[in-house]
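What follows is a short report on a single structure.
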Amino acid sequence: MNPTTALPLGKDLVGLEHMSAAQITAILDTAEPFKEISERRIKKVPVLRGKTIVNLFFEASTRTRISFEFAEKRLSADTVNISASGSSVLKGETLVDTARNLEAMRIDMVVMRHPASGAAQFLADRIPSNVINAGDGRHEHPTQGLLDLLTIRDHRGRIEGLKVCIVGDILHSRVARSNIYGLLSLGAEVAVCGPPTLLPLATSELGVQVFTRVEEAIEWADVLNVLRLQLERMEGGYVPSPREYNRIWGVSSARLDAAERDLLVLHPGPMNRGVEIDSDVADGPHSVILNQVTNGVAVRMAVLYLLAGGQPESAEAAKQGDDS
Amino acid sequence: MPEDNRIHLMDEADVRREVVRMAREIVERNEGTDRLVLMGIQRRGTQIAALLKEEIERSEGATVATGSIDITLYRDDLGTVGPRPVVGESILPPAGLDDQNVVIVDDVAYTGRTVRAALNELGDWGRPQRILLCVLVDRGGRELPIQPDIIGRVVEVHAPDRVEVLVPDLDGRLGVDLVHAEAAAE
């Protein structure tokens, strides 16, 4: 087959904001066959044999890091994990120097989580390896957005026309941003709902509706994506207490039962049971939270596969497409 | 595409005749239909496997297990040609492949690389008792020491020209065409 059949996904996956609907759909479609690999007795295919991937995590992560590592290993790549604690980052090395040193050891891809927004793009512009953003500050967490899209599509058969409400701390959430961009790109109606202190000022610029009461959001939505309330937000004075947050914004089965429609409830994890989501919802019939985790591996396999074979020409073309 | 670049090698009746003969040969080589599994290579091999299954079940009155293999993730040329936009799904028969007599079915035998990939994939799934290779057309040009056991028709075709197997589900008719390079370049 000729190279033009290769997808113009580009060199890196930094965020969903500048990706086309066709590119996002292509990743979701590619993830479908990868689901089956994780169900096999031998959960491994040789497609990335000989590729070296560095998982560079400057922030704590369990789910995302392990999910990436499973995805890499099931595609037969060689992986190295580096976390900020216990690395030369503590000795004051800059991000670019760390990455250049890794490059000098001849790596092929970097999966990075970093507390600074824009860190993934910064790195992608400076090293020839593929860079995959595993969460950068408050900017984006594209693979989480993709796995949420895949989970919604699995259960509802489509994205277009669905009403999806993201509930919780939108202001600090990279998951919310990736979800909003991805959902809007695929034609969903998107709303956000949360305490006014935790909503960005310019929500209208994102093209989403705003609900200030969770009951209204539940009334409106087909899908709820409930975000984690980071407990450090208490100290910042954004919300008075976890109990009060739960009383006003918590997704409970009583609130879900009041809705006429059969809602789908997502949560990117880790959950604070009894704060943003009640246990009977998290473990109840509406919840697809563990499906999200399963889909996370398939989506990440698809992204790694598509980026690994990316042609330099198509990477250039994709970048030019972004600029125009 | 102009018709003069395309030569009909086999029409529907030719293909059906060969399928009947190949089906008989599979049953002979397997000494019956016991533990027989037909594994078609996506996508046209799967179609040929379905024809063979139909024929074996008609003539032998037994049910034949089938599955399909998508070898995309087992290819050795990801770095040179880039990823396939569509990765297909592999489907395993419910009983698995351990101790089965597996027949890999493909439409055309050419370089042998597809079969190499399929063998690697089957090895990851189980340990068949025996594996045979069955193709509708052998066009020569092998790059690996892999030879089909059961062949519909042998045609010597040189490099840029292509052999196309047409199946009803994908192409609207059953047959085999030889396509000259000029047509392929268009």
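Here, A, B, ... name the chains of the structure tokens in the order displayed, residue numbers run from 1 inside each chain, and ligands are numbered from 1 in the same displayed order.
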
Could you give me, as a ChimeraX atom specification, each residue of chain B that DSSP assigns to strand (DSSP E or B) when run on this structure's backbone? /B:6-10,36-41,65-69,91,101-109,130-138,150-154,162-166,175-179

Selection export as a CSV table (one decimal), in the first residue's frame, atoms kept: N, CA and C atoms:
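Output (selection03.csv):
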chain,number,residue,atom,x,y,z
B,6,ARG,N,-6.9,-5.1,-18.1
B,6,ARG,CA,-7.4,-6.1,-17.1
B,6,ARG,C,-7.8,-7.4,-17.9
B,7,ILE,N,-7.1,-8.5,-17.6
B,7,ILE,CA,-7.4,-9.7,-18.3
B,7,ILE,C,-8.1,-10.6,-17.3
B,8,HIS,N,-9.2,-11.2,-17.7
B,8,HIS,CA,-9.9,-12.2,-16.8
B,8,HIS,C,-9.2,-13.5,-16.9
B,9,LEU,N,-8.8,-13.9,-15.7
B,9,LEU,CA,-8.1,-15.2,-15.6
B,9,LEU,C,-9.1,-16.3,-15.2
B,10,MET,N,-10.0,-16.0,-14.4
B,10,MET,CA,-11.0,-17.0,-14.0
B,10,MET,C,-12.3,-16.3,-13.8
B,36,LEU,N,-10.9,-30.0,12.1
B,36,LEU,CA,-10.5,-29.1,11.0
B,36,LEU,C,-10.9,-27.7,11.3
B,37,VAL,N,-10.0,-26.7,11.1
B,37,VAL,CA,-10.3,-25.3,11.3
B,37,VAL,C,-9.8,-24.5,10.1
B,38,LEU,N,-10.7,-23.8,9.4
B,38,LEU,CA,-10.3,-22.9,8.3
B,38,LEU,C,-10.1,-21.5,8.8
B,39,MET,N,-8.9,-21.0,8.7
B,39,MET,CA,-8.6,-19.6,9.1
B,39,MET,C,-8.3,-18.8,7.9
B,40,GLY,N,-9.2,-17.9,7.6
B,40,GLY,CA,-9.0,-17.0,6.4
B,40,GLY,C,-8.2,-15.8,6.8
B,41,ILE,N,-7.4,-15.3,5.9
B,41,ILE,CA,-6.6,-14.1,6.2
B,41,ILE,C,-7.5,-12.9,5.7
B,65,ALA,N,-15.4,-25.6,11.6
B,65,ALA,CA,-15.0,-24.3,12.3
B,65,ALA,C,-14.2,-23.4,11.5
B,66,THR,N,-14.6,-22.1,11.5
B,66,THR,CA,-13.8,-21.1,10.8
B,66,THR,C,-13.4,-19.9,11.7
B,67,GLY,N,-12.4,-19.2,11.3
B,67,GLY,CA,-12.0,-18.0,12.0
B,67,GLY,C,-11.3,-17.1,11.0
B,68,SER,N,-10.9,-16.0,11.4
B,68,SER,CA,-10.2,-15.1,10.5
B,68,SER,C,-9.0,-14.4,11.2
B,69,ILE,N,-8.0,-14.1,10.4
B,69,ILE,CA,-6.8,-13.5,11.0
B,69,ILE,C,-6.6,-12.2,10.3
B,91,ILE,N,-10.7,-13.2,14.5
B,91,ILE,CA,-11.7,-13.9,15.1
B,91,ILE,C,-11.3,-15.4,15.3
B,101,ASN,N,-6.3,-29.1,13.4
B,101,ASN,CA,-5.7,-29.1,12.0
B,101,ASN,C,-6.1,-27.8,11.3
B,102,VAL,N,-5.2,-26.8,11.3
B,102,VAL,CA,-5.6,-25.5,10.8
B,102,VAL,C,-5.2,-25.4,9.4
B,103,VAL,N,-6.1,-24.9,8.6
B,103,VAL,CA,-5.8,-24.5,7.2
B,103,VAL,C,-5.9,-23.0,7.0
B,104,ILE,N,-4.7,-22.4,6.8
B,104,ILE,CA,-4.7,-21.0,6.5
B,104,ILE,C,-5.1,-20.8,5.1
B,105,VAL,N,-6.1,-19.9,4.9
B,105,VAL,CA,-6.7,-19.7,3.5
B,105,VAL,C,-6.4,-18.2,3.1
B,106,ASP,N,-5.8,-18.0,1.9
B,106,ASP,CA,-5.6,-16.7,1.4
B,106,ASP,C,-6.0,-16.7,0.0
B,107,ASP,N,-6.2,-15.5,-0.6
B,107,ASP,CA,-6.6,-15.4,-2.0
B,107,ASP,C,-5.4,-15.6,-2.9
B,108,VAL,N,-4.3,-14.9,-2.7
B,108,VAL,CA,-3.2,-15.0,-3.6
B,108,VAL,C,-1.9,-15.3,-2.8
B,109,ALA,N,-1.1,-16.2,-3.3
B,109,ALA,CA,0.2,-16.5,-2.7
B,109,ALA,C,1.2,-15.6,-3.5
B,130,ARG,N,-1.3,-29.2,13.3
B,130,ARG,CA,-0.7,-29.1,11.9
B,130,ARG,C,-1.3,-27.9,11.3
B,131,ILE,N,-0.5,-27.2,10.4
B,131,ILE,CA,-1.0,-26.1,9.7
B,131,ILE,C,-0.7,-26.3,8.2
B,132,LEU,N,-1.8,-26.1,7.4
B,132,LEU,CA,-1.6,-26.2,5.9
B,132,LEU,C,-1.9,-24.8,5.4
B,133,LEU,N,-1.4,-24.6,4.2
B,133,LEU,CA,-1.7,-23.3,3.5
B,133,LEU,C,-2.4,-23.6,2.2
B,134,CYS,N,-3.5,-22.9,2.0
B,134,CYS,CA,-4.4,-23.1,0.9
B,134,CYS,C,-4.6,-21.7,0.2
B,135,VAL,N,-4.3,-21.6,-1.1
B,135,VAL,CA,-4.6,-20.3,-1.8
B,135,VAL,C,-5.3,-20.6,-3.1
B,136,LEU,N,-6.1,-19.6,-3.5
B,136,LEU,CA,-6.8,-19.7,-4.7
B,136,LEU,C,-5.9,-19.5,-5.9
B,137,VAL,N,-5.0,-18.6,-5.8
B,137,VAL,CA,-4.0,-18.3,-6.9
B,137,VAL,C,-2.6,-18.3,-6.4
B,138,ASP,N,-1.7,-19.0,-7.0
B,138,ASP,CA,-0.3,-18.8,-6.7
B,138,ASP,C,0.4,-18.1,-7.9
B,150,ILE,N,-2.1,-26.4,-0.9
B,150,ILE,CA,-3.3,-26.6,-1.8
B,150,ILE,C,-3.5,-25.4,-2.6
B,151,ILE,N,-3.5,-25.5,-3.9
B,151,ILE,CA,-3.5,-24.4,-4.8
B,151,ILE,C,-4.7,-24.5,-5.8
B,152,GLY,N,-5.4,-23.4,-6.0
B,152,GLY,CA,-6.4,-23.4,-7.0
B,152,GLY,C,-5.8,-23.4,-8.4
B,153,ARG,N,-5.1,-22.3,-8.7
B,153,ARG,CA,-4.4,-22.2,-10.0
B,153,ARG,C,-3.1,-21.5,-9.9
B,154,VAL,N,-2.1,-22.0,-10.7
B,154,VAL,CA,-0.8,-21.4,-10.7
B,154,VAL,C,-0.7,-20.4,-11.9
B,162,ARG,N,-0.5,-7.1,-11.2
B,162,ARG,CA,-1.2,-7.6,-10.0
B,162,ARG,C,-2.2,-8.7,-10.3
B,163,VAL,N,-2.4,-9.6,-9.4
B,163,VAL,CA,-3.5,-10.5,-9.5
B,163,VAL,C,-4.6,-10.1,-8.5
B,164,GLU,N,-5.8,-9.9,-9.0
B,164,GLU,CA,-6.9,-9.5,-8.1
B,164,GLU,C,-8.0,-10.5,-8.1
B,165,VAL,N,-8.2,-11.0,-6.8
B,165,VAL,CA,-9.3,-11.9,-6.6
B,165,VAL,C,-10.5,-11.1,-6.2
B,166,LEU,N,-11.6,-11.3,-7.0
B,166,LEU,CA,-12.8,-10.5,-6.7
B,166,LEU,C,-13.9,-11.4,-6.1
B,175,GLY,N,-14.4,-13.8,-9.2
B,175,GLY,CA,-13.6,-14.1,-10.3
B,175,GLY,C,-12.1,-13.7,-10.0
B,176,VAL,N,-11.2,-13.9,-11.0
B,176,VAL,CA,-9.8,-13.5,-10.8
B,176,VAL,C,-9.4,-12.8,-12.0
B,177,ASP,N,-8.8,-11.6,-11.8
B,177,ASP,CA,-8.3,-10.7,-12.9
B,177,ASP,C,-6.8,-10.5,-12.8
B,178,LEU,N,-6.2,-10.4,-13.9
B,178,LEU,CA,-4.8,-10.0,-14.0
B,178,LEU,C,-4.8,-8.5,-14.4
B,179,VAL,N,-4.2,-7.6,-13.6
B,179,VAL,CA,-4.2,-6.2,-13.8
B,179,VAL,C,-2.8,-5.7,-14.2

At a cut-off of 10 Å, using only C-alpha atoms, what residues contact A:Ala298? Leave out same-chain residues fewer than 2 positions from it and give the result as a PDB file with N, CA and C atoms, in the first residue's frame.
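See out_36.pdb below for the written result:
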ATOM      1  N   ILE A  27      -8.727   7.517  15.378  1.00  0.00           N
ATOM      2  CA  ILE A  27      -8.126   6.916  16.579  1.00  0.00           C
ATOM      3  C   ILE A  27      -9.140   5.996  17.259  1.00  0.00           C
ATOM      4  N   LEU A  28     -10.388   6.458  17.376  1.00  0.00           N
ATOM      5  CA  LEU A  28     -11.416   5.631  18.030  1.00  0.00           C
ATOM      6  C   LEU A  28     -11.645   4.342  17.241  1.00  0.00           C
ATOM      7  N   THR A  30      -9.520   2.852  15.277  1.00  0.00           N
ATOM      8  CA  THR A  30      -8.344   1.989  15.407  1.00  0.00           C
ATOM      9  C   THR A  30      -8.344   1.291  16.766  1.00  0.00           C
ATOM     10  N   ALA A  31      -8.902   1.953  17.782  1.00  0.00           N
ATOM     11  CA  ALA A  31      -8.923   1.356  19.126  1.00  0.00           C
ATOM     12  C   ALA A  31      -9.807   0.104  19.173  1.00  0.00           C
ATOM     13  N   GLU A  32     -10.820   0.038  18.307  1.00  0.00           N
ATOM     14  CA  GLU A  32     -11.758  -1.098  18.352  1.00  0.00           C
ATOM     15  C   GLU A  32     -11.040  -2.457  18.268  1.00  0.00           C
ATOM     16  N   PRO A  33     -10.253  -2.713  17.207  1.00  0.00           N
ATOM     17  CA  PRO A  33      -9.590  -4.022  17.149  1.00  0.00           C
ATOM     18  C   PRO A  33      -8.577  -4.239  18.271  1.00  0.00           C
ATOM     19  N   PHE A  34      -8.035  -3.159  18.838  1.00  0.00           N
ATOM     20  CA  PHE A  34      -7.057  -3.329  19.913  1.00  0.00           C
ATOM     21  C   PHE A  34      -7.704  -3.832  21.204  1.00  0.00           C
ATOM     22  N   LYS A  35      -9.015  -3.609  21.349  1.00  0.00           N
ATOM     23  CA  LYS A  35      -9.701  -4.124  22.540  1.00  0.00           C
ATOM     24  C   LYS A  35      -9.540  -5.636  22.623  1.00  0.00           C
ATOM     25  N   GLU A  36      -9.637  -6.268  21.458  1.00  0.00           N
ATOM     26  CA  GLU A  36      -9.655  -7.731  21.420  1.00  0.00           C
ATOM     27  C   GLU A  36      -8.324  -8.320  21.867  1.00  0.00           C
ATOM     28  N   ILE A  37      -7.220  -7.594  21.614  1.00  0.00           N
ATOM     29  CA  ILE A  37      -5.897  -8.121  21.973  1.00  0.00           C
ATOM     30  C   ILE A  37      -5.796  -8.350  23.473  1.00  0.00           C
ATOM     31  N   SER A  38      -6.411  -7.436  24.254  1.00  0.00           N
ATOM     32  CA  SER A  38      -6.337  -7.573  25.711  1.00  0.00           C
ATOM     33  C   SER A  38      -7.187  -8.728  26.213  1.00  0.00           C
ATOM     34  N   SER A  67      -1.763   2.261  32.572  1.00  0.00           N
ATOM     35  CA  SER A  67      -2.497   2.035  31.333  1.00  0.00           C
ATOM     36  C   SER A  67      -1.569   2.208  30.120  1.00  0.00           C
ATOM     37  N   PHE A  68      -0.765   3.256  30.129  1.00  0.00           N
ATOM     38  CA  PHE A  68       0.208   3.442  29.048  1.00  0.00           C
ATOM     39  C   PHE A  68       1.201   2.282  29.004  1.00  0.00           C
ATOM     40  N   PHE A  70       0.832  -0.830  30.039  1.00  0.00           N
ATOM     41  CA  PHE A  70       0.196  -2.026  29.468  1.00  0.00           C
ATOM     42  C   PHE A  70       0.079  -1.891  27.951  1.00  0.00           C
ATOM     43  N   ALA A  71      -0.354  -0.717  27.515  1.00  0.00           N
ATOM     44  CA  ALA A  71      -0.521  -0.510  26.075  1.00  0.00           C
ATOM     45  C   ALA A  71       0.808  -0.719  25.361  1.00  0.00           C
ATOM     46  N   ARG A  74       1.846  -4.467  25.492  1.00  0.00           N
ATOM     47  CA  ARG A  74       1.020  -5.344  24.639  1.00  0.00           C
ATOM     48  C   ARG A  74       1.332  -5.134  23.167  1.00  0.00           C
ATOM     49  N   LEU A 147     -10.557   8.212  25.518  1.00  0.00           N
ATOM     50  CA  LEU A 147     -11.161   6.998  26.084  1.00  0.00           C
ATOM     51  C   LEU A 147     -12.575   7.283  26.588  1.00  0.00           C
ATOM     52  N   LEU A 150     -14.640   7.109  23.461  1.00  0.00           N
ATOM     53  CA  LEU A 150     -14.831   5.715  23.038  1.00  0.00           C
ATOM     54  C   LEU A 150     -15.879   5.025  23.921  1.00  0.00           C
ATOM     55  N   VAL A 293     -11.747   2.418  32.081  1.00  0.00           N
ATOM     56  CA  VAL A 293     -10.383   1.967  32.366  1.00  0.00           C
ATOM     57  C   VAL A 293      -9.938   0.937  31.323  1.00  0.00           C
ATOM     58  N   THR A 294     -10.844   0.004  30.986  1.00  0.00           N
ATOM     59  CA  THR A 294     -10.524  -1.000  29.971  1.00  0.00           C
ATOM     60  C   THR A 294     -10.257  -0.330  28.627  1.00  0.00           C
ATOM     61  N   ASN A 295     -11.115   0.616  28.264  1.00  0.00           N
ATOM     62  CA  ASN A 295     -10.939   1.313  26.987  1.00  0.00           C
ATOM     63  C   ASN A 295      -9.670   2.149  26.956  1.00  0.00           C
ATOM     64  N   GLY A 296      -9.216   2.574  28.134  1.00  0.00           N
ATOM     65  CA  GLY A 296      -8.001   3.387  28.194  1.00  0.00           C
ATOM     66  C   GLY A 296      -6.814   2.673  27.564  1.00  0.00           C
ATOM     67  N   ARG A 300      -4.934   3.915  24.064  1.00  0.00           N
ATOM     68  CA  ARG A 300      -3.500   4.242  24.104  1.00  0.00           C
ATOM     69  C   ARG A 300      -2.723   3.353  23.145  1.00  0.00           C
ATOM     70  N   MET A 301      -3.140   2.103  22.991  1.00  0.00           N
ATOM     71  CA  MET A 301      -2.509   1.246  21.994  1.00  0.00           C
ATOM     72  C   MET A 301      -2.702   1.845  20.603  1.00  0.00           C
ATOM     73  N   ALA A 302      -3.906   2.331  20.329  1.00  0.00           N
ATOM     74  CA  ALA A 302      -4.193   2.911  19.012  1.00  0.00           C
ATOM     75  C   ALA A 302      -3.327   4.137  18.759  1.00  0.00           C
ATOM     76  N   VAL A 303      -3.190   4.990  19.772  1.00  0.00           N
ATOM     77  CA  VAL A 303      -2.391   6.209  19.607  1.00  0.00           C
ATOM     78  C   VAL A 303      -0.925   5.852  19.371  1.00  0.00           C
ATOM     79  N   LEU A 304      -0.403   4.926  20.165  1.00  0.00           N
ATOM     80  CA  LEU A 304       0.999   4.524  20.005  1.00  0.00           C
ATOM     81  C   LEU A 304       1.230   3.938  18.621  1.00  0.00           C
TER      82      LEU A 304
END

Tell me, as JSON, numbers by chain, which residues lie within 8 Å of A:Gly50, counting only C-alpha atoms; anything in the same chain fewer than 3 positions away does not count. {"A": [76, 77, 78]}
